[in-house]
Amino acid sequence: MNQKERMLANLPYKAWLDSLSEERLCNKKKIFKFNHLKPGKTKKKIRLLKSILGKTGGNINIEAPFFCDYGYNIEVGENFFANYNFTVLDVGRVKIGDNAQIAPNVSIYTAGHPIHPDSRNSGYEYGIDITIGDNVWIGGSSCVMPGVTIGNNVVIGAGSVVTKDIPDNSIAVGNPCRVLRTITEADRDFYFKDRKFDVEDYK
């Protein structure tokens, strides 16, 4: 098994061997082009995103700047939106479902290093896959850590550090991120805390 195969299998690997450095450099060039597009170049922006990411739905929008290692390890569904400074360390696979909303400064880290200094100094690192379900909103400046699964219909509060799996239909916040409560039908009529919608077309 070469180092790329080890990386994709979530095993310890060395990131400078077996063409991995070259692949990251190739992706950095695409990312540079994306991050320096002039405003209004929507079609070119979408083409570049689709050339960077491994799989996308038809409707995708990521605001520059955006950063990732390889790109091909990221899969996003329909109606994907990520705001400024979205960072994905995609040495492991990142799969995100439909209707995801990612706030500014969100980071998704599949990558990590051994805890013991001797093991860490050996040059081995790892990536553990992350899965995020449908209809998920991740609040600003949140971090999703290696190996985490976030369920469907989840809201992650701003500034959270998600170190463990989050079940479907949950509001979860904090460092480490913990479930506060379940989202219920009663939440449908409110757009912010105790403020009710004053329109009818939100349902």
# chains A, B, ... in the order shown; residues from 1 in each chain; ligands from 1
>>> residues_around(residues="Val154 of chain A", least_positions_apart="4", cutoff="7 Å", atoms="only C-alpha atoms", output="short mmCIF file (atom, residue, chain, number, x, y, z; two decimals) with all heavy atoms, in the first residue's frame")
data_model
loop_
_atom_site.label_atom_id
_atom_site.label_comp_id
_atom_site.auth_asym_id
_atom_site.auth_seq_id
_atom_site.Cartn_x
_atom_site.Cartn_y
_atom_site.Cartn_z
N ASN A 135 -29.53 19.22 5.41
CA ASN A 135 -30.20 20.32 6.13
C ASN A 135 -29.45 20.72 7.40
O ASN A 135 -30.06 20.96 8.45
CB ASN A 135 -31.64 19.92 6.50
CG ASN A 135 -32.39 19.36 5.32
OD1 ASN A 135 -32.38 19.93 4.23
ND2 ASN A 135 -33.01 18.21 5.50
N VAL A 136 -28.13 20.81 7.30
CA VAL A 136 -27.30 21.15 8.46
C VAL A 136 -26.82 22.60 8.33
O VAL A 136 -26.38 23.03 7.26
CB VAL A 136 -26.10 20.19 8.58
CG1 VAL A 136 -25.12 20.67 9.64
CG2 VAL A 136 -26.58 18.78 8.90
N TRP A 137 -26.91 23.32 9.42
CA TRP A 137 -26.38 24.69 9.51
C TRP A 137 -25.28 24.68 10.56
O TRP A 137 -25.51 24.32 11.72
CB TRP A 137 -27.51 25.65 9.90
CG TRP A 137 -27.08 27.07 10.18
CD1 TRP A 137 -25.94 27.70 9.76
CD2 TRP A 137 -27.80 28.03 10.97
NE1 TRP A 137 -25.91 29.00 10.23
CE2 TRP A 137 -27.03 29.22 10.97
CE3 TRP A 137 -29.01 28.00 11.66
CZ2 TRP A 137 -27.43 30.37 11.64
CZ3 TRP A 137 -29.42 29.14 12.33
CH2 TRP A 137 -28.64 30.31 12.31
N ASP A 168 -29.41 13.28 14.70
CA ASP A 168 -30.39 14.01 13.89
C ASP A 168 -31.22 14.96 14.75
O ASP A 168 -31.47 14.70 15.94
CB ASP A 168 -31.37 13.04 13.22
CG ASP A 168 -30.72 12.16 12.16
OD1 ASP A 168 -29.56 12.40 11.80
OD2 ASP A 168 -31.41 11.23 11.68
N ASN A 169 -31.69 16.05 14.10
CA ASN A 169 -32.69 16.94 14.70
C ASN A 169 -32.25 17.55 16.03
O ASN A 169 -33.04 17.68 16.96
CB ASN A 169 -34.02 16.20 14.90
CG ASN A 169 -34.52 15.58 13.62
OD1 ASN A 169 -34.67 16.26 12.61
ND2 ASN A 169 -34.74 14.28 13.64
N SER A 170 -30.96 17.93 16.10
CA SER A 170 -30.42 18.47 17.35
C SER A 170 -29.90 19.89 17.16
O SER A 170 -29.42 20.25 16.09
CB SER A 170 -29.26 17.61 17.85
OG SER A 170 -29.67 16.30 18.14
N ILE A 171 -29.98 20.68 18.24
CA ILE A 171 -29.22 21.91 18.36
C ILE A 171 -28.08 21.59 19.32
O ILE A 171 -28.31 21.11 20.43
CB ILE A 171 -30.07 23.06 18.93
CG1 ILE A 171 -31.24 23.36 18.00
CG2 ILE A 171 -29.23 24.31 19.15
CD1 ILE A 171 -32.24 24.35 18.56
#
>>> select_by_dssp(residues="chain A", states="strand (DSSP E or B)", output="PyMOL selection string")
chain A and resi 13-14+55+60-62+66-68+74-76+80-82+86-89+94-96+101-102+107-109+111-112+124-127+130-132+137-138+143-144+149-150+155-156+161-162+166+170-173+178-182+190-192+195-196
>>> residues_around(residues="Ala100 of chain A", least_positions_apart="2", cutoff="9 Å", atoms="only C-alpha atoms", output="ChimeraX atom specification")
/A:76-82,96-98,102,132-138
>>> residues_around(residues="Phe32 of chain A", least_positions_apart="3", cutoff="10 Å", atoms="only C-alpha atoms", output="list in words")
Asn27, Lys28, Lys29, Asn35, His36, Leu37, Ala64, Pro65, Phe66 and Phe67 of chain A
>>> closest_residue(among="A:Asn152, A:Thr131, A:Ser160, A:Asn105", to="Ile74 of chain A", atoms="only C-alpha atoms")
A:Thr131
>>> select_by_dssp(residues="chain A", states="alpha helix (DSSP H)", output="ChimeraX atom specification")
/A:3-8,20-35,42-52,117-121
